>>> print(open('query_28.txt').read())   # compact mmCIF, C-alpha atoms
# COMPACT_ATOMS: atom_id res chain seq x y z
CA MET A 1 -4.65 67.18 4.45
CA SER A 2 -2.58 69.73 6.25
CA PRO A 3 -3.62 72.90 8.10
CA THR A 4 -2.74 74.90 4.99
CA ASP A 5 -5.76 73.27 3.31
CA PHE A 6 -7.98 74.96 5.90
CA LYS A 7 -6.89 78.59 5.63
CA ARG A 8 -9.67 81.14 5.99
CA ARG A 9 -7.99 84.32 4.75
CA GLN A 10 -10.78 85.61 2.54
CA ILE A 11 -14.36 84.45 2.02
CA THR A 12 -16.55 85.73 -0.80
CA GLY A 13 -20.23 85.00 -1.20
CA ARG A 14 -23.67 86.52 -1.14
CA GLY A 15 -24.85 88.00 2.14
CA ILE A 16 -28.10 88.02 4.08
CA PRO A 17 -28.96 90.88 6.45
CA VAL A 18 -30.34 89.75 9.80
CA PRO A 19 -31.31 92.75 11.92
CA GLY A 20 -31.48 92.60 15.67
CA ASN A 21 -29.42 92.50 18.82
CA ASP A 22 -28.65 89.78 21.33
CA ILE A 23 -29.37 86.97 18.91
CA ASP A 24 -28.69 83.92 21.05
CA THR A 25 -27.89 80.47 19.73
CA ASP A 26 -31.35 79.13 20.61
CA ARG A 27 -32.83 81.68 18.21
CA ILE A 28 -30.34 80.69 15.51
CA ILE A 29 -31.03 76.93 15.84
CA PRO A 30 -33.76 76.12 18.37
CA ALA A 31 -32.61 73.45 20.86
CA ARG A 32 -35.27 70.96 19.76
CA PHE A 33 -33.39 70.61 16.45
CA LEU A 34 -30.02 69.89 18.06
CA LYS A 35 -30.56 66.12 18.13
CA ALA A 36 -28.59 65.40 14.95
CA VAL A 37 -25.19 63.75 15.07
CA THR A 38 -23.88 65.82 12.12
CA PHE A 39 -24.44 69.38 10.98
CA GLU A 40 -25.75 68.37 7.54
CA THR A 41 -29.45 69.15 8.10
CA MET A 42 -29.15 71.67 10.89
CA GLY A 43 -29.13 74.66 8.53
CA GLU A 44 -32.68 73.83 7.47
CA HIS A 45 -33.80 75.01 10.92
CA ALA A 46 -31.86 78.28 11.03
CA PHE A 47 -34.06 80.93 12.67
CA GLU A 48 -36.97 78.48 12.45
CA ASP A 49 -39.13 80.12 15.12
CA ALA A 50 -38.44 83.66 13.94
CA ARG A 51 -39.21 82.64 10.35
CA LYS A 52 -42.56 81.14 11.40
CA GLN A 53 -43.46 84.25 13.41
CA ASN A 54 -42.40 86.67 10.69
CA PRO A 55 -43.06 85.74 7.05
CA GLU A 56 -40.90 88.76 6.06
CA HIS A 57 -37.83 87.33 7.84
CA PRO A 58 -34.76 87.52 5.53
CA PHE A 59 -34.25 83.75 5.78
CA ASN A 60 -37.71 83.29 4.19
CA SER A 61 -36.92 85.55 1.25
CA LYS A 62 -36.14 83.87 -2.07
CA VAL A 63 -33.67 86.64 -2.98
CA PHE A 64 -31.37 85.55 -0.15
CA GLN A 65 -31.48 81.80 -0.82
CA GLY A 66 -27.95 80.56 -1.42
CA ALA A 67 -26.29 83.46 0.42
CA SER A 68 -23.10 82.17 2.05
CA VAL A 69 -21.99 85.04 4.24
CA ARG A 70 -24.34 84.12 7.06
CA TRP A 71 -26.73 81.63 5.37
CA GLY A 72 -24.23 79.05 4.14
CA ILE A 73 -22.71 79.95 6.90
CA ARG A 74 -19.10 80.74 6.03
CA ALA A 75 -18.62 84.08 7.82
CA ILE A 76 -20.56 86.33 10.19
CA ILE A 77 -20.35 90.08 10.68
CA GLY A 78 -21.86 91.63 13.81
CA GLY A 79 -21.41 94.21 16.53
CA SER A 80 -20.27 91.69 19.11
CA PHE A 81 -20.35 87.97 19.80
CA GLY A 82 -20.66 85.89 22.93
CA GLU A 83 -17.37 84.25 23.84
CA ILE A 84 -18.67 80.69 23.61
CA PHE A 85 -20.44 81.35 20.29
CA ALA A 86 -17.35 82.96 18.76
CA GLY A 87 -15.14 80.13 20.04
CA ASN A 88 -17.48 77.52 18.57
CA CYS A 89 -17.44 79.34 15.25
CA VAL A 90 -13.63 79.31 15.19
CA ILE A 91 -13.68 75.56 15.87
CA LEU A 92 -15.85 75.23 12.74
CA GLY A 93 -13.67 77.60 10.69
CA ILE A 94 -16.30 80.35 10.60
CA PRO A 95 -14.86 83.85 11.09
CA CYS A 96 -16.90 86.21 13.28
CA LEU A 97 -15.89 89.77 12.47
CA ARG A 98 -16.90 92.77 14.58
CA ALA A 99 -17.82 96.06 12.93
CA SER A 100 -19.32 99.33 14.13
CA GLN A 101 -23.09 99.62 14.35
CA GLU A 102 -23.03 102.29 11.65
CA ASP A 103 -21.10 100.05 9.27
CA ILE A 104 -23.31 97.04 10.02
CA GLU A 105 -26.44 99.07 9.28
CA TRP A 106 -24.91 100.32 6.02
CA LEU A 107 -23.91 96.77 5.00
CA GLN A 108 -27.36 95.36 5.82
CA LYS A 109 -29.08 98.03 3.72
CA ALA A 110 -26.60 97.63 0.85
CA VAL A 111 -27.04 93.84 0.79
CA ALA A 112 -30.83 94.22 0.95
CA ARG A 113 -30.70 96.54 -2.10
CA SER A 114 -28.34 94.28 -4.07
CA PRO A 115 -28.77 90.71 -2.75
CA GLN A 116 -27.06 89.09 -5.74
CA GLN A 117 -23.85 91.09 -5.27
CA ALA A 118 -20.98 89.36 -3.49
CA VAL A 119 -19.65 90.32 -0.07
CA THR A 120 -15.93 89.74 0.53
CA VAL A 121 -14.87 89.07 4.10
CA ASP A 122 -11.12 89.55 4.37
CA VAL A 123 -9.98 88.03 7.66
CA GLU A 124 -6.34 88.82 6.96
CA LYS A 125 -6.94 92.53 6.22
CA GLN A 126 -9.79 92.74 8.78
CA GLU A 127 -12.25 94.33 6.41
CA VAL A 128 -15.50 93.57 4.61
CA ARG A 129 -15.94 94.75 1.03
CA PHE A 130 -19.23 95.29 -0.77
CA GLY A 131 -19.30 97.13 -4.06
CA ASP A 132 -16.80 99.96 -3.97
CA ARG A 133 -16.78 100.31 -0.18
CA ALA A 134 -14.71 98.56 2.48
CA ILE A 135 -15.57 98.65 6.17
CA LYS A 136 -13.29 97.84 9.08
CA ALA A 137 -14.21 94.52 10.69
CA THR A 138 -11.97 93.00 13.34
CA VAL A 139 -11.21 89.53 14.64
CA PRO A 140 -9.28 88.99 17.89
CA ASP A 141 -5.61 88.13 17.24
CA GLY A 142 -5.75 84.49 18.43
CA PRO A 143 -8.74 83.39 16.33
CA ARG A 144 -7.53 85.53 13.41
CA SER A 145 -4.18 83.74 13.44
CA GLN A 146 -5.86 80.32 13.62
CA LEU A 147 -8.16 81.17 10.72
CA ILE A 148 -5.58 82.64 8.36
CA ASN A 149 -2.97 79.95 9.13
CA GLY A 150 -5.43 77.07 8.93
CA THR A 151 -4.88 75.87 12.48
CA TRP A 152 -8.51 76.36 13.57
CA ASP A 153 -9.12 72.66 12.81
CA SER A 154 -7.53 71.03 15.85
CA THR A 155 -8.07 67.52 14.47
CA ALA A 156 -6.11 68.35 11.31
CA VAL A 157 -3.35 69.92 13.41
CA LEU A 158 -3.11 66.77 15.56
CA LEU A 159 -3.07 64.49 12.53
CA GLU A 160 -0.35 66.60 10.93
CA ALA A 161 1.73 66.27 14.10
CA GLY A 162 1.08 62.52 14.47
CA ALA A 163 4.68 61.36 14.07
CA ALA A 164 5.99 63.96 16.54
CA ILE A 165 3.29 63.00 19.05
CA GLU A 166 4.22 59.30 18.75
CA THR A 167 7.92 60.11 19.21
CA THR A 168 7.23 62.17 22.32
CA ALA A 169 4.84 59.57 23.72
CA GLY A 170 7.49 56.88 23.21
CA LYS A 171 9.87 58.80 25.46
CA LEU A 172 7.44 59.08 28.36
CA PRO A 173 8.04 56.49 31.07
CA TYR A 174 4.36 56.13 31.92
CA VAL A 175 3.60 55.32 28.25
CA LYS A 176 6.50 53.02 27.34
CA GLY A 177 6.69 51.37 30.75
CA PHE A 178 8.99 51.88 33.68
>>> encode(input="query_28.txt", output="structure tokens")
Amino acid sequence: MSPTDFKRRQITGRGIPVPGNDIDTDRIIPARFLKAVTFETMGEHAFEDARKQNPEHPFNSKVFQGASVRWGIRAIIGGSFGEIFAGNCVILGIPCLRASQEDIEWLQKAVARSPQQAVTVDVEKQEVRFGDRAIKATVPDGPRSQLINGTWDSTAVLLEAGAAIETTAGKLPYVKGF
């Protein structure tokens, strides 16, 4: 596989509105569930504590089951993101787009009214489309470039450059011997 197999230019899927501010990673996946070696079962515990405290939490609602813009989790739209969280998302190929509070509130209400309708997150155009409306949603230039060019997966990039790395390593005196 090459980096072009990993391009994240546009993601379409059903959304799930999660209201609130300052949602830290321990609220998303409580630390006690971070013992797994892979990510395969981690999604089962998304917002676990909040879901137990609030039976009306969107992640408990059957109408949002299968939503992939946030629940699957293939893209996230919010007002802002912590630097480490956003960086970790890029490493996983998950775009985090920033939109205005007004647009986020509109999108959350629209998705709540029509949960089966698809949301299109266009990383390249920096917009989110729902129905006949598009809202501006930005991604910083560096992560945006990595996502749309498919270079967010550093392992794939290294594997693609394997021959060039071997050639360069062979020229280094401390690798080939003095």
>>> residues_around(input="query_28.txt", residues="Gly66 in chain A", least_positions_apart="6", cutoff="10 Å", atoms="only C-alpha atoms", output="PyMOL selection string")
chain A and resi 13-16+72-73+116
>>> residues_around(input="query_28.txt", residues="Ile29 in chain A", least_positions_apart="3", cutoff="6 Å", atoms="only C-alpha atoms", output="compact mmCIF listing (two decimals) with C-alpha atoms, in the coordinates of the input")
# COMPACT_ATOMS: atom_id res chain seq x y z
CA ASP A 26 -31.35 79.13 20.61
CA HIS A 45 -33.80 75.01 10.92
CA ALA A 46 -31.86 78.28 11.03
CA PHE A 47 -34.06 80.93 12.67
>>> closest_atom_pairs(input="query_28.txt", of="range 50-145 of chain A", to="range 153-169 of chain A", cutoff="8 Å", atoms="all atoms listed in the file", output="Markdown table")
| residue | atom | partner | partner_atom | distance |
| --- | --- | --- | --- | --- |
| A:Ile91 | CA | A:Asp153 | CA | 6.2 |
| A:Leu92 | CA | A:Asp153 | CA | 7.2 |
| A:Gly93 | CA | A:Asp153 | CA | 7.0 |
>>> atom_distance(input="query_28.txt", atom1="CA of Glu44 in chain A", atom2="CA of Arg74 in chain A")
15.3 Å
>>> residues_around(input="query_28.txt", residues="range 119-122 of chain A", least_positions_apart="2", cutoff="12 Å", atoms="only C-alpha atoms", output="PyMOL selection string")
chain A and resi 7-17+67-70+74-77+94-99+107-108+110-112+114-117+124-139+144+147-148
>>> closest_residue(input="query_28.txt", among="A:Gly20, A:Glu105, A:Phe6, A:Val175", to="His57 in chain A", atoms="all atoms listed in the file")
A:Gly20
>>> atom_distance(input="query_28.txt", atom1="CA of Ile104 in chain A", atom2="CA of Pro58 in chain A")
15.6 Å
>>> atom_distance(input="query_28.txt", atom1="CA of Gly150 in chain A", atom2="CA of Thr41 in chain A")
25.3 Å
>>> decode(input="query_28.txt", residues="range 66-93 of chain A", atoms="N, CA, C and O atoms", output="short mmCIF file (atom, residue, chain, number, x, y, z; two decimals), in the first residue's frame")
data_model
loop_
_atom_site.label_atom_id
_atom_site.label_comp_id
_atom_site.auth_asym_id
_atom_site.auth_seq_id
_atom_site.Cartn_x
_atom_site.Cartn_y
_atom_site.Cartn_z
N GLY A 66 -24.45 3.39 14.53
CA GLY A 66 -23.91 3.28 13.18
C GLY A 66 -23.45 4.59 12.59
O GLY A 66 -22.92 4.61 11.48
N ALA A 67 -23.63 5.69 13.31
CA ALA A 67 -23.17 6.99 12.80
C ALA A 67 -21.64 6.96 12.73
O ALA A 67 -20.98 6.49 13.65
N SER A 68 -21.07 7.47 11.65
CA SER A 68 -19.62 7.37 11.47
C SER A 68 -18.89 8.70 11.53
O SER A 68 -17.67 8.72 11.53
N VAL A 69 -19.61 9.80 11.53
CA VAL A 69 -18.96 11.08 11.74
C VAL A 69 -19.12 11.34 13.24
O VAL A 69 -20.11 11.88 13.67
N ARG A 70 -18.19 10.83 13.97
CA ARG A 70 -18.04 10.90 15.41
C ARG A 70 -18.18 9.54 16.07
O ARG A 70 -17.43 9.21 16.96
N TRP A 71 -19.10 8.68 15.71
CA TRP A 71 -19.31 7.41 16.41
C TRP A 71 -18.47 6.32 15.81
O TRP A 71 -18.11 5.38 16.50
N GLY A 72 -18.11 6.38 14.59
CA GLY A 72 -17.40 5.28 13.93
C GLY A 72 -15.89 5.32 14.04
O GLY A 72 -15.27 4.37 13.74
N ILE A 73 -15.25 6.17 14.40
CA ILE A 73 -15.16 7.62 14.40
C ILE A 73 -14.23 7.98 13.25
O ILE A 73 -13.06 7.70 13.31
N ARG A 74 -14.79 8.55 12.20
CA ARG A 74 -14.00 8.83 11.00
C ARG A 74 -13.72 10.31 10.81
O ARG A 74 -12.87 10.68 10.01
N ALA A 75 -14.44 11.17 11.52
CA ALA A 75 -14.20 12.62 11.46
C ALA A 75 -14.87 13.25 12.67
O ALA A 75 -15.85 12.72 13.18
N ILE A 76 -14.34 14.39 13.10
CA ILE A 76 -14.88 15.10 14.25
C ILE A 76 -14.97 16.58 13.91
O ILE A 76 -14.02 17.16 13.37
N ILE A 77 -16.10 17.19 14.27
CA ILE A 77 -16.27 18.62 14.07
C ILE A 77 -16.48 19.24 15.45
O ILE A 77 -17.32 18.76 16.22
N GLY A 78 -15.74 20.28 15.77
CA GLY A 78 -15.87 20.93 17.07
C GLY A 78 -15.40 22.37 17.01
O GLY A 78 -14.91 22.84 15.97
N GLY A 79 -15.54 23.06 18.13
CA GLY A 79 -15.11 24.45 18.21
C GLY A 79 -13.60 24.58 18.32
O GLY A 79 -12.99 25.50 17.76
N SER A 80 -12.98 23.67 19.03
CA SER A 80 -11.53 23.65 19.16
C SER A 80 -11.12 22.27 19.67
O SER A 80 -11.96 21.49 20.14
N PHE A 81 -9.83 21.99 19.55
CA PHE A 81 -9.32 20.70 19.98
C PHE A 81 -7.99 20.91 20.68
O PHE A 81 -7.19 21.76 20.26
N GLY A 82 -7.74 20.13 21.72
CA GLY A 82 -6.44 20.16 22.37
C GLY A 82 -5.39 19.68 21.38
O GLY A 82 -5.66 18.83 20.53
N GLU A 83 -4.20 20.24 21.49
CA GLU A 83 -3.14 19.95 20.53
C GLU A 83 -2.77 18.46 20.50
O GLU A 83 -2.60 17.88 19.43
N ILE A 84 -2.66 17.84 21.66
CA ILE A 84 -2.30 16.42 21.71
C ILE A 84 -3.43 15.58 21.12
O ILE A 84 -3.18 14.66 20.33
N PHE A 85 -4.67 15.88 21.47
CA PHE A 85 -5.81 15.13 20.94
C PHE A 85 -5.85 15.24 19.41
O PHE A 85 -5.96 14.23 18.71
N ALA A 86 -5.74 16.44 18.89
CA ALA A 86 -5.79 16.65 17.44
C ALA A 86 -4.63 15.93 16.76
O ALA A 86 -4.82 15.30 15.71
N GLY A 87 -3.45 15.99 17.35
CA GLY A 87 -2.30 15.30 16.78
C GLY A 87 -2.50 13.79 16.76
O GLY A 87 -2.17 13.12 15.79
N ASN A 88 -3.05 13.25 17.85
CA ASN A 88 -3.33 11.81 17.90
C ASN A 88 -4.37 11.42 16.85
O ASN A 88 -4.28 10.35 16.24
N CYS A 89 -5.35 12.27 16.64
CA CYS A 89 -6.36 11.99 15.62
C CYS A 89 -5.73 11.95 14.23
O CYS A 89 -6.04 11.06 13.43
N VAL A 90 -4.84 12.88 13.94
CA VAL A 90 -4.17 12.89 12.64
C VAL A 90 -3.38 11.60 12.46
O VAL A 90 -3.42 10.98 11.40
N ILE A 91 -2.70 11.15 13.50
CA ILE A 91 -1.92 9.91 13.43
C ILE A 91 -2.83 8.73 13.07
O ILE A 91 -2.40 7.78 12.42
N LEU A 92 -4.10 8.80 13.47
CA LEU A 92 -5.06 7.74 13.18
C LEU A 92 -5.85 8.00 11.89
O LEU A 92 -6.71 7.20 11.52
N GLY A 93 -5.58 9.14 11.23
CA GLY A 93 -6.28 9.46 9.99
C GLY A 93 -7.68 10.01 10.22
O GLY A 93 -8.53 9.93 9.35
#
